[in-house]
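Asker: Can you keep this structure in mind? I'll have questions shortly.
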There are 2 protein chains.
Amino acid sequence: MTSRSSFEETMAGLSGADPGAMAAAREHQDRLTKPRGALGELEEIGIRLAGAAGVDPPPVPEPAVVAVFAGDHGVAGAGVTPWPSEVTAQMVANFLAGGAAINVVARQVGARVVVVDVGVASDLAPGPGLLIRKVRPGTGDITSGPAMTRIEAAAALQVGLDVARELVAEGARCLLTGDMGIGNTTPSAALIAHFTGRPAAEVTGRGTGVDDPMLAHKIEVVSAALARAGAELEDGDHLGWLASVGGLEIAALAGYMIGGAEARVPVVIDGVIAAAGLAVAAALAPAVVDHCFAGHRSSEPGATAVLEHLGLRPVLDLGLRLGEGTGAALALPVIQSAARILGEMATFDSAGVTDKDG
Amino acid sequence: MTSRSSFEETMAGLSGADPGAMAAAREHQDRLTKPRGALGELEEIGIRLAGAAGVDPPPVPEPAVVAVFAGDHGVAGAGVTPWPSEVTAQMVANFLAGGAAINVVARQVGARVVVVDVGVASDLAPGPGLLIRKVRPGTGDITSGPAMTRIEAAAALQVGLDVARELVAEGARCLLTGDMGIGNTTPSAALIAHFTGRPAAEVTGRGTGVDDPMLAHKIEVVSAALARAGAELEDGDHLGWLASVGGLEIAALAGYMIGGAEARVPVVIDGVIAAAGLAVAAALAPAVVDHCFAGHRSSEPGATAVLEHLGLRPVLDLGLRLGEGTGAALALPVIQSAARILGEMATFDSAGVTDKDG
């Protein structure tokens with residue numbers, strides 16, 4: 001663990017990928033008992049893991065933890081989602097009871113689930129598996145004003161950083177992103193539009209299932225929030241944009257990713273909410289991207305926009321649009337296998353196998 | 001377990017998917033605590049698992065076993081691969097020592113590996129994890145004559161069926177296909193061209209890494225074998241085609257898939273060699289397809305041709321072209337998660353979560 005430096009010091013101190021470790025891993029792949037390149041994307045993931053860890057072979061990223069950051073959104077009342085805000089707290093209870101999709105997938109892949117209340121509107125009862133780190137009870141409605149203050153945005157970033165540090169201190173060697181927050185695809189679309197420079201209509205999706213009229217309205221809401229924020233903020237004022245059009249769990253996710261990069265522990269990115277957090281984190285500290293692995297291609301267009309913007313290729317493409325961390329958890333065994341290939345496979349020499357290129 | 005009926009009786013007695021179980025699973029998906037359809041392809045896999053098992057929720061397909069069927073090919077001496085045939089036996093030794101890619105991935109996903117010698121050219125020393133069921137020591141060169149006799153093809157099919165039955169009797173509840181055989185993408189391409197009706201040039205790929213001149217020659221070899229067989233055989237003589245242009249491990253894989261279907265245990269299909277086996281199995285007994293799950297989209301064009309021909313969608317698309325069962329093993333946690341979602345997730349009612357469509 002590094003010392004508990006300030007957020008700004010942490011960001012300034014981050015290392016990106018180690019090119020020497022990547023070169024070593026690339027050369028190593030070609031000595032393993034398989035035709036060169038035959039493991040396709042798995043070889044590239046292994047090379048990126050080596051770069052992120054700074055060593056070849058990279059450590060197998062386990063044990064893994066999914067941190068599900070939960071928050072509510074004032075904009076949920078503005079007709080952008082068919083779900084009532086109280087579902088956020090109901091789903092937190094479902095996570096804690098082990099009945100949600102992320103619990104099921106996490107059990108399958110051997111990951112632990114923790115839930116972080118960084119901004120649920122209602123008060124939650126303390127219980128095992130729940131970290132109560134509420135910065136404020138939900139954001140303001142971004143159609144009429146900022147989601148939160150800069151101080152609150154910084155506090156939510158710090159919550160994510162702290163959670164990452166705590167999980168790593170407890171032994172986690174892979175951090176998966178999870179999220180819950182009714183309405184959160186709307187601020188995610190606004191952040192993604194801003195940070196990728198794409199128009200709102202290109203990066204705003206149907207979220208948990210909005211119909212055509214609601215989608216058109218949602219795009220108007222995103223556009224209006226961007227116009228309001230743009231009138232007040234410089235383009236490069238990243239914290240200002242996060243505060244103005246973002247969300248508490250999105251800010252915490254960005255901080256969590258920075259914490260993974262600080263510890264050189266791989267971070268597996270889930271869907272569009274995590275992608276929005278990654279867009280923020282990459283703007284604040286570009287080295288973070290080298291420590292992030294895109295679990296899947298969400299069916300939300302904003303997620304793909306961020307992955308393309310940052311040059312990340314998704315592991316899975318299963319048409320998922322649930323969030324919670326499900327796509328990250330489903331990708332985990334592939335990412336772990338990629339590390340294990342470099343750590344455990346025999347070479348042509350060690351196994352006595354004839355190498356056609358040897 | 002069903003009784004040990006003959007191969008023909010087994011094929012005639014196979015059941016396809018149960019439409020009632022599929023309908024129940026589809027309706028069940030919509031009651032789980034997630035927006036409808038939000039788990040995308042995972043929901044479809046769960047519905048197919050229910051259909052294959054005949055019950056909703058379907059059992060979680062575990063424990064899983066990868067059977068790696070190994071055989072040699074006379075055509076390997078005809079300039080279709082840069083690798084010498086002795087690599088088949090060397091790689092079997094690597095599998096038994098635990099150093100190959102399939103061993104590494106299988107350890108990650110909790111699957112057991114068994115190797116079946118159904119036609120390796122050299123004699124292999126008996127050892128733990130190796131089933132010696134050699135039908136003959138490698139096939140004949142398909143450029144000049146049949147790969148094997150009909151009796152040998154039937155025997156290799158029976159080897160696969162027997163192995164599936166034995167593994168299921170030992171407790172396996174998911175069968176993964178694996179293969180090893182220098183030269184085996186050539187007979188696979190010939191079988192796939194025949195069973196899908198596509199030209200050789202469309203379904204013949206670079207295998208473990210052939211260059212442009214070798215690829216052109218390989219396509220000529222496949223075309224010549226198809227022309228020779230076509231002059232001797234009726235189109236619908238499936239066993240005749242398997243014997244004439246196939247391979248021992250490909251035949252065994254087809255029998256293994258039939259054994260999975262007999263036991264209603266899901267079979268996870270790896271790459272192009274398994275796809276060739278599936279094309280044979282589907283011709284012999286179409287109900288087999290309902291029990292098969294395509295682990296990934298191999299970069300070999302013949303694999304995609306079979307998946308399209310049979311209407312199967314691959315779980316992963318990682319540019320793999322190794323074989324051994326690696327793509328099937330990497331997909332296993334996704335398939336297991338799909339079953340577990342139906343078996344373990346809370347419903348809106350049970351979790352007290354508000355359903356917007358309820």
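Labels for the structure tokens follow display order: chains A, B, ..., residues from 1 in each chain, ligands from 1.
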Quick one: residues within 10 Å of Ala287 (chain B), only C-alpha atoms, excluding same-chain residues fewer than 4 positions away - as a list in words?
Answerer: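 Residues meeting the cut-off are Met11, Ala12, Gly13, Leu14, Ser15, Gly16, Ala17, Ala52, Ile258, Ala261, Glu262, Ala281, Ala282, Ala283, His291 and Cys292 of chain B.
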Asker: Those residues you just picked out, can you put them in a file as a CSV table (one decimal), in the first residue's frame with C-alpha atoms?
Answerer:
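The resulting file, out08.csv, is shown below:
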chain,number,residue,atom,x,y,z
B,11,MET,CA,-29.7,-41.7,-32.0
B,12,ALA,CA,-33.3,-42.7,-32.7
B,13,GLY,CA,-34.2,-42.2,-29.0
B,14,LEU,CA,-32.8,-38.7,-28.5
B,15,SER,CA,-35.0,-35.9,-27.4
B,16,GLY,CA,-34.6,-32.3,-28.6
B,17,ALA,CA,-35.5,-29.3,-26.5
B,52,ALA,CA,-32.2,-29.1,-23.1
B,258,ILE,CA,-24.6,-37.6,-29.0
B,261,ALA,CA,-27.7,-35.3,-25.7
B,262,GLU,CA,-28.6,-38.9,-24.6
B,281,ALA,CA,-23.6,-35.3,-35.3
B,282,ALA,CA,-26.4,-33.0,-36.4
B,283,ALA,CA,-26.7,-34.8,-39.7
B,291,HIS,CA,-28.0,-29.8,-26.3
B,292,CYS,CA,-25.0,-28.0,-27.7
Asker: Check which residues of chain B sit at most 6 Å from chain A using only C-alpha atoms, and return one row each with the closest pair of atoms and their distance in Å to one decimal, ordered by chain and rising number, as JSON lines.
Answerer:
{"residue": "B:Pro35", "atom": "CA", "partner": "A:Thr208", "partner_atom": "CA", "distance": 5.7}
{"residue": "B:Ala38", "atom": "CA", "partner": "A:Arg321", "partner_atom": "CA", "distance": 4.9}
{"residue": "B:Leu39", "atom": "CA", "partner": "A:Leu320", "partner_atom": "CA", "distance": 4.8}
{"residue": "B:Gly40", "atom": "CA", "partner": "A:Gly319", "partner_atom": "CA", "distance": 4.6}
{"residue": "B:Glu41", "atom": "CA", "partner": "A:Leu318", "partner_atom": "CA", "distance": 5.1}
{"residue": "B:Trp83", "atom": "CA", "partner": "A:Lys356", "partner_atom": "CA", "distance": 5.8}
{"residue": "B:Gln90", "atom": "CA", "partner": "A:Val353", "partner_atom": "CA", "distance": 5.5}
{"residue": "B:Gly99", "atom": "CA", "partner": "A:Ala346", "partner_atom": "CA", "distance": 4.7}
{"residue": "B:Ala100", "atom": "CA", "partner": "A:Met345", "partner_atom": "CA", "distance": 5.6}
{"residue": "B:Val105", "atom": "CA", "partner": "A:Ser337", "partner_atom": "CA", "distance": 5.6}
{"residue": "B:Thr208", "atom": "CA", "partner": "A:Pro35", "partner_atom": "CA", "distance": 5.7}
{"residue": "B:Leu318", "atom": "CA", "partner": "A:Glu41", "partner_atom": "CA", "distance": 5.1}
{"residue": "B:Gly319", "atom": "CA", "partner": "A:Gly40", "partner_atom": "CA", "distance": 4.6}
{"residue": "B:Leu320", "atom": "CA", "partner": "A:Leu39", "partner_atom": "CA", "distance": 4.8}
{"residue": "B:Arg321", "atom": "CA", "partner": "A:Ala38", "partner_atom": "CA", "distance": 4.9}
{"residue": "B:Leu322", "atom": "CA", "partner": "A:Ala38", "partner_atom": "CA", "distance": 4.9}
{"residue": "B:Ser337", "atom": "CA", "partner": "A:Val105", "partner_atom": "CA", "distance": 5.6}
{"residue": "B:Met345", "atom": "CA", "partner": "A:Gly99", "partner_atom": "CA", "distance": 4.9}
{"residue": "B:Ala346", "atom": "CA", "partner": "A:Gly99", "partner_atom": "CA", "distance": 4.7}
{"residue": "B:Val353", "atom": "CA", "partner": "A:Gln90", "partner_atom": "CA", "distance": 5.5}
{"residue": "B:Lys356", "atom": "CA", "partner": "A:Trp83", "partner_atom": "CA", "distance": 5.8}
Asker: Output N, CA and C atoms for every residue in the selection just made, as an mmCIF file, in the first residue's frame.
Answerer:
data_model
loop_
_atom_site.group_PDB
_atom_site.id
_atom_site.type_symbol
_atom_site.label_atom_id
_atom_site.label_comp_id
_atom_site.auth_asym_id
_atom_site.auth_seq_id
_atom_site.Cartn_x
_atom_site.Cartn_y
_atom_site.Cartn_z
ATOM 1 N N PRO B 35 -34.713 -5.436 -15.222
ATOM 2 C CA PRO B 35 -35.561 -5.037 -16.342
ATOM 3 C C PRO B 35 -35.636 -6.184 -17.357
ATOM 4 N N ALA B 38 -32.745 -7.466 -19.820
ATOM 5 C CA ALA B 38 -31.507 -6.736 -19.513
ATOM 6 C C ALA B 38 -30.289 -7.643 -19.451
ATOM 7 N N LEU B 39 -30.507 -8.950 -19.329
ATOM 8 C CA LEU B 39 -29.351 -9.850 -19.332
ATOM 9 C C LEU B 39 -29.073 -10.421 -20.724
ATOM 10 N N GLY B 40 -29.723 -9.878 -21.733
ATOM 11 C CA GLY B 40 -29.375 -10.158 -23.119
ATOM 12 C C GLY B 40 -29.212 -11.633 -23.432
ATOM 13 N N GLU B 41 -28.070 -11.953 -24.002
ATOM 14 C CA GLU B 41 -27.799 -13.322 -24.453
ATOM 15 C C GLU B 41 -27.795 -14.313 -23.291
ATOM 16 N N TRP B 83 3.387 -27.932 -39.070
ATOM 17 C CA TRP B 83 3.778 -28.651 -37.863
ATOM 18 C C TRP B 83 3.953 -30.140 -38.178
ATOM 19 N N GLN B 90 3.393 -35.207 -28.588
ATOM 20 C CA GLN B 90 4.088 -34.307 -27.651
ATOM 21 C C GLN B 90 3.081 -33.468 -26.870
ATOM 22 N N GLY B 99 0.521 -28.699 -18.532
ATOM 23 C CA GLY B 99 1.181 -27.469 -18.967
ATOM 24 C C GLY B 99 0.601 -26.787 -20.184
ATOM 25 N N ALA B 100 -0.448 -27.364 -20.760
ATOM 26 C CA ALA B 100 -1.010 -26.774 -21.986
ATOM 27 C C ALA B 100 -2.065 -25.728 -21.640
ATOM 28 N N VAL B 105 -6.644 -23.046 -18.431
ATOM 29 C CA VAL B 105 -7.996 -22.479 -18.422
ATOM 30 C C VAL B 105 -8.944 -23.379 -17.622
ATOM 31 N N THR B 208 -3.447 -23.525 -37.627
ATOM 32 C CA THR B 208 -2.458 -23.069 -36.648
ATOM 33 C C THR B 208 -1.446 -22.114 -37.251
ATOM 34 N N LEU B 318 -13.339 -14.014 -29.218
ATOM 35 C CA LEU B 318 -12.033 -13.518 -28.761
ATOM 36 C C LEU B 318 -10.924 -13.802 -29.767
ATOM 37 N N GLY B 319 -11.294 -14.177 -30.996
ATOM 38 C CA GLY B 319 -10.268 -14.424 -32.006
ATOM 39 C C GLY B 319 -9.394 -15.628 -31.688
ATOM 40 N N LEU B 320 -9.945 -16.605 -30.956
ATOM 41 C CA LEU B 320 -9.174 -17.800 -30.608
ATOM 42 C C LEU B 320 -9.103 -18.743 -31.803
ATOM 43 N N ARG B 321 -7.978 -19.448 -31.934
ATOM 44 C CA ARG B 321 -7.847 -20.481 -32.967
ATOM 45 C C ARG B 321 -6.885 -21.561 -32.485
ATOM 46 N N LEU B 322 -6.957 -21.875 -31.185
ATOM 47 C CA LEU B 322 -6.044 -22.857 -30.623
ATOM 48 C C LEU B 322 -6.630 -24.250 -30.599
ATOM 49 N N SER B 337 -23.426 -19.425 -15.294
ATOM 50 C CA SER B 337 -24.132 -18.272 -14.719
ATOM 51 C C SER B 337 -25.554 -18.178 -15.251
ATOM 52 N N MET B 345 -31.856 -16.399 -8.641
ATOM 53 C CA MET B 345 -32.211 -14.975 -8.524
ATOM 54 C C MET B 345 -33.573 -14.798 -7.880
ATOM 55 N N ALA B 346 -33.698 -13.715 -7.128
ATOM 56 C CA ALA B 346 -34.978 -13.366 -6.521
ATOM 57 C C ALA B 346 -35.946 -12.860 -7.594
ATOM 58 N N VAL B 353 -39.405 -5.911 -4.550
ATOM 59 C CA VAL B 353 -38.951 -4.830 -5.422
ATOM 60 C C VAL B 353 -40.102 -4.439 -6.347
ATOM 61 N N LYS B 356 -41.991 -2.206 -12.621
ATOM 62 C CA LYS B 356 -42.688 -1.209 -13.424
ATOM 63 C C LYS B 356 -43.722 -1.855 -14.345
#
Asker: So what do you get for CA of Ile269 (chain B) versus CA of Leu176 (chain B), distance-wise?
Answerer: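 Result for CA of Ile269 (chain B) versus CA of Leu176 (chain B): 6.4 Å, one decimal.
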Asker: Please list as a list in words every residue within 10 Å of Ser144 (chain B), counting only C-alpha atoms and excluding residues in the same chain fewer than 6 positions away.
Answerer: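 Residues near the query, excluding close chain neighbours: Gly74, Val75, Val221, Ala224, Ala225 and Arg228 of chain B.
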Asker: So that I can see what lies close to region 165-174 of chain A, please list as a short mmCIF file (atom, residue, chain, number, x, y, z; two decimals) with all heavy atoms, in the first residue's frame the residues with an atom at most 9 Å from it, counting only C-alpha atoms and leaving out residues fewer than 6 positions away in the same chain.
Answerer:
data_model
loop_
_atom_site.label_atom_id
_atom_site.label_comp_id
_atom_site.auth_asym_id
_atom_site.auth_seq_id
_atom_site.Cartn_x
_atom_site.Cartn_y
_atom_site.Cartn_z
N MET A 1 0.84 -1.21 0.00
CA MET A 1 0.00 0.00 0.00
C MET A 1 0.87 1.25 0.00
O MET A 1 1.87 1.34 0.70
CB MET A 1 -0.88 0.04 1.25
CG MET A 1 -2.02 -0.94 1.25
SD MET A 1 -3.29 -0.49 0.05
CE MET A 1 -3.85 1.07 0.74
N ARG A 4 -1.41 7.23 2.58
CA ARG A 4 -2.70 7.84 2.28
C ARG A 4 -2.50 9.29 1.85
O ARG A 4 -2.74 10.23 2.60
CB ARG A 4 -3.62 7.75 3.50
CG ARG A 4 -3.95 6.34 3.90
CD ARG A 4 -4.66 5.60 2.77
NE ARG A 4 -4.82 4.19 3.05
CZ ARG A 4 -5.91 3.67 3.60
NH1 ARG A 4 -6.91 4.44 3.93
NH2 ARG A 4 -5.99 2.39 3.81
N PRO A 59 0.56 -11.18 -11.83
CA PRO A 59 -0.17 -12.00 -10.83
C PRO A 59 -1.59 -12.29 -11.32
O PRO A 59 -2.19 -11.48 -12.04
CB PRO A 59 -0.19 -11.10 -9.59
CG PRO A 59 0.13 -9.72 -10.05
CD PRO A 59 0.90 -9.84 -11.32
N VAL A 60 -2.11 -13.45 -10.95
CA VAL A 60 -3.52 -13.76 -11.28
C VAL A 60 -4.40 -12.82 -10.47
O VAL A 60 -4.23 -12.72 -9.24
CB VAL A 60 -3.86 -15.22 -10.97
CG1 VAL A 60 -5.32 -15.51 -11.27
CG2 VAL A 60 -2.97 -16.16 -11.79
N PRO A 61 -5.29 -12.09 -11.12
CA PRO A 61 -6.10 -11.10 -10.39
C PRO A 61 -7.20 -11.76 -9.56
O PRO A 61 -8.37 -11.77 -9.93
CB PRO A 61 -6.65 -10.20 -11.50
CG PRO A 61 -6.57 -10.99 -12.75
CD PRO A 61 -5.49 -12.01 -12.58
N GLU A 62 -6.84 -12.28 -8.43
CA GLU A 62 -7.76 -12.86 -7.47
C GLU A 62 -7.16 -12.77 -6.08
O GLU A 62 -5.94 -12.76 -5.96
CB GLU A 62 -8.13 -14.30 -7.85
CG GLU A 62 -6.98 -15.26 -7.81
CD GLU A 62 -7.33 -16.63 -8.41
OE1 GLU A 62 -8.41 -16.80 -8.98
OE2 GLU A 62 -6.48 -17.52 -8.31
N PRO A 63 -7.96 -12.67 -5.03
CA PRO A 63 -9.41 -12.64 -5.04
C PRO A 63 -9.96 -11.34 -5.62
O PRO A 63 -9.29 -10.31 -5.59
CB PRO A 63 -9.80 -12.80 -3.57
CG PRO A 63 -8.63 -12.28 -2.82
CD PRO A 63 -7.42 -12.60 -3.66
N ALA A 64 -11.19 -11.42 -6.12
CA ALA A 64 -11.85 -10.28 -6.74
C ALA A 64 -13.04 -9.83 -5.90
O ALA A 64 -13.69 -10.65 -5.26
CB ALA A 64 -12.33 -10.65 -8.14
N VAL A 65 -13.26 -8.53 -5.91
CA VAL A 65 -14.41 -7.96 -5.20
C VAL A 65 -15.18 -7.05 -6.16
O VAL A 65 -14.57 -6.30 -6.92
CB VAL A 65 -13.95 -7.13 -3.98
CG1 VAL A 65 -15.16 -6.55 -3.24
CG2 VAL A 65 -13.12 -7.98 -3.03
N VAL A 66 -16.49 -7.15 -6.12
CA VAL A 66 -17.36 -6.22 -6.84
C VAL A 66 -17.86 -5.20 -5.84
O VAL A 66 -18.54 -5.57 -4.88
CB VAL A 66 -18.61 -6.91 -7.44
CG1 VAL A 66 -19.33 -5.97 -8.41
CG2 VAL A 66 -18.26 -8.23 -8.10
N TYR A 256 -12.75 5.05 -7.30
CA TYR A 256 -12.43 3.61 -7.11
C TYR A 256 -11.43 3.15 -8.18
O TYR A 256 -10.47 2.43 -7.89
CB TYR A 256 -13.75 2.89 -7.21
CG TYR A 256 -13.80 1.39 -7.13
CD1 TYR A 256 -13.63 0.72 -5.92
CD2 TYR A 256 -14.14 0.62 -8.25
CE1 TYR A 256 -13.77 -0.66 -5.84
CE2 TYR A 256 -14.29 -0.75 -8.18
CZ TYR A 256 -14.10 -1.39 -6.97
OH TYR A 256 -14.26 -2.75 -6.89
N GLY A 259 -8.14 4.41 -7.34
CA GLY A 259 -7.58 3.58 -6.27
C GLY A 259 -6.99 2.28 -6.78
O GLY A 259 -5.96 1.81 -6.30
N GLY A 260 -7.66 1.66 -7.77
CA GLY A 260 -7.11 0.45 -8.37
C GLY A 260 -5.78 0.73 -9.05
O GLY A 260 -4.81 -0.02 -8.91
N GLU A 262 -3.74 3.15 -8.38
CA GLU A 262 -2.73 3.46 -7.35
C GLU A 262 -2.09 2.17 -6.83
O GLU A 262 -0.87 2.09 -6.65
CB GLU A 262 -3.40 4.20 -6.19
CG GLU A 262 -2.47 4.51 -5.03
CD GLU A 262 -3.24 5.03 -3.81
OE1 GLU A 262 -4.31 4.48 -3.47
OE2 GLU A 262 -2.75 5.99 -3.19
N ALA A 263 -2.91 1.14 -6.60
CA ALA A 263 -2.42 -0.13 -6.06
C ALA A 263 -1.92 -1.06 -7.15
O ALA A 263 -1.47 -2.17 -6.85
CB ALA A 263 -3.54 -0.80 -5.26
N ARG A 264 -2.00 -0.65 -8.40
CA ARG A 264 -1.69 -1.50 -9.56
C ARG A 264 -2.47 -2.81 -9.50
O ARG A 264 -1.94 -3.89 -9.80
CB ARG A 264 -0.18 -1.75 -9.68
CG ARG A 264 0.62 -0.45 -9.78
CD ARG A 264 2.02 -0.68 -10.25
NE ARG A 264 2.05 -0.75 -11.70
CZ ARG A 264 2.98 -0.19 -12.48
NH1 ARG A 264 3.98 0.47 -11.95
NH2 ARG A 264 2.92 -0.30 -13.78
N VAL A 265 -3.73 -2.69 -9.13
CA VAL A 265 -4.65 -3.84 -9.12
C VAL A 265 -5.61 -3.63 -10.29
O VAL A 265 -6.19 -2.55 -10.44
CB VAL A 265 -5.41 -3.88 -7.77
CG1 VAL A 265 -6.65 -4.75 -7.86
CG2 VAL A 265 -4.49 -4.37 -6.67
N PRO A 266 -5.80 -4.63 -11.15
CA PRO A 266 -6.67 -4.44 -12.32
C PRO A 266 -8.10 -4.09 -11.91
O PRO A 266 -8.64 -4.64 -10.94
CB PRO A 266 -6.64 -5.78 -13.04
CG PRO A 266 -5.50 -6.54 -12.47
CD PRO A 266 -5.22 -5.98 -11.11
N VAL A 267 -8.70 -3.19 -12.67
CA VAL A 267 -10.08 -2.79 -12.46
C VAL A 267 -10.89 -3.26 -13.67
O VAL A 267 -10.54 -2.95 -14.81
CB VAL A 267 -10.20 -1.26 -12.33
CG1 VAL A 267 -11.66 -0.85 -12.11
CG2 VAL A 267 -9.32 -0.74 -11.19
N VAL A 268 -11.96 -4.02 -13.42
CA VAL A 268 -12.79 -4.50 -14.51
C VAL A 268 -14.03 -3.61 -14.59
O VAL A 268 -14.78 -3.47 -13.62
CB VAL A 268 -13.18 -5.98 -14.34
CG1 VAL A 268 -13.92 -6.46 -15.58
CG2 VAL A 268 -11.93 -6.83 -14.11
N LEU A 332 -14.69 -11.84 -15.68
CA LEU A 332 -13.57 -12.08 -14.76
C LEU A 332 -12.78 -13.35 -15.07
O LEU A 332 -11.54 -13.31 -15.12
CB LEU A 332 -14.08 -12.07 -13.31
CG LEU A 332 -13.03 -12.33 -12.23
CD1 LEU A 332 -12.00 -11.21 -12.19
CD2 LEU A 332 -13.71 -12.49 -10.86
#
Asker: In Å, with one decimal, what is the gap from CA of Ala21 (chain B) to CA of Gly51 (chain B)?
Answerer: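 Spanning CA of Ala21 (chain B) to CA of Gly51 (chain B) is a straight-line distance of 5.3 Å.
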Asker: As an NGL selection string, list the residues of region 216-339 of chain A assigned to alpha helix (DSSP H) by DSSP on the backbone atoms of this structure.
Answerer: :A and (216-232 or 238-245 or 248-263 or 272-284 or 301-310 or 326-339)
Asker: CA of Arg206 (chain A) and CA of Val272 (chain A), how far apart in Å?
Answerer: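 It comes out at 11.3 Å.
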Asker: List as a VMD selection string the protein and nucleic acid residues near region 212-218 of chain A, meaning an atom at most 9 Å away when only C-alpha atoms are counted, but skip any in the same chain fewer than 5 places from it.
Answerer: chain A and resid 78 to 82 186 201 204 to 206 223
Asker: Just list as number ranges by chain whatever in region 157-333 of chain A DSSP marks as strand (DSSP E or B).
Answerer: A: 174-180, 267-269, 292-294, 296, 316
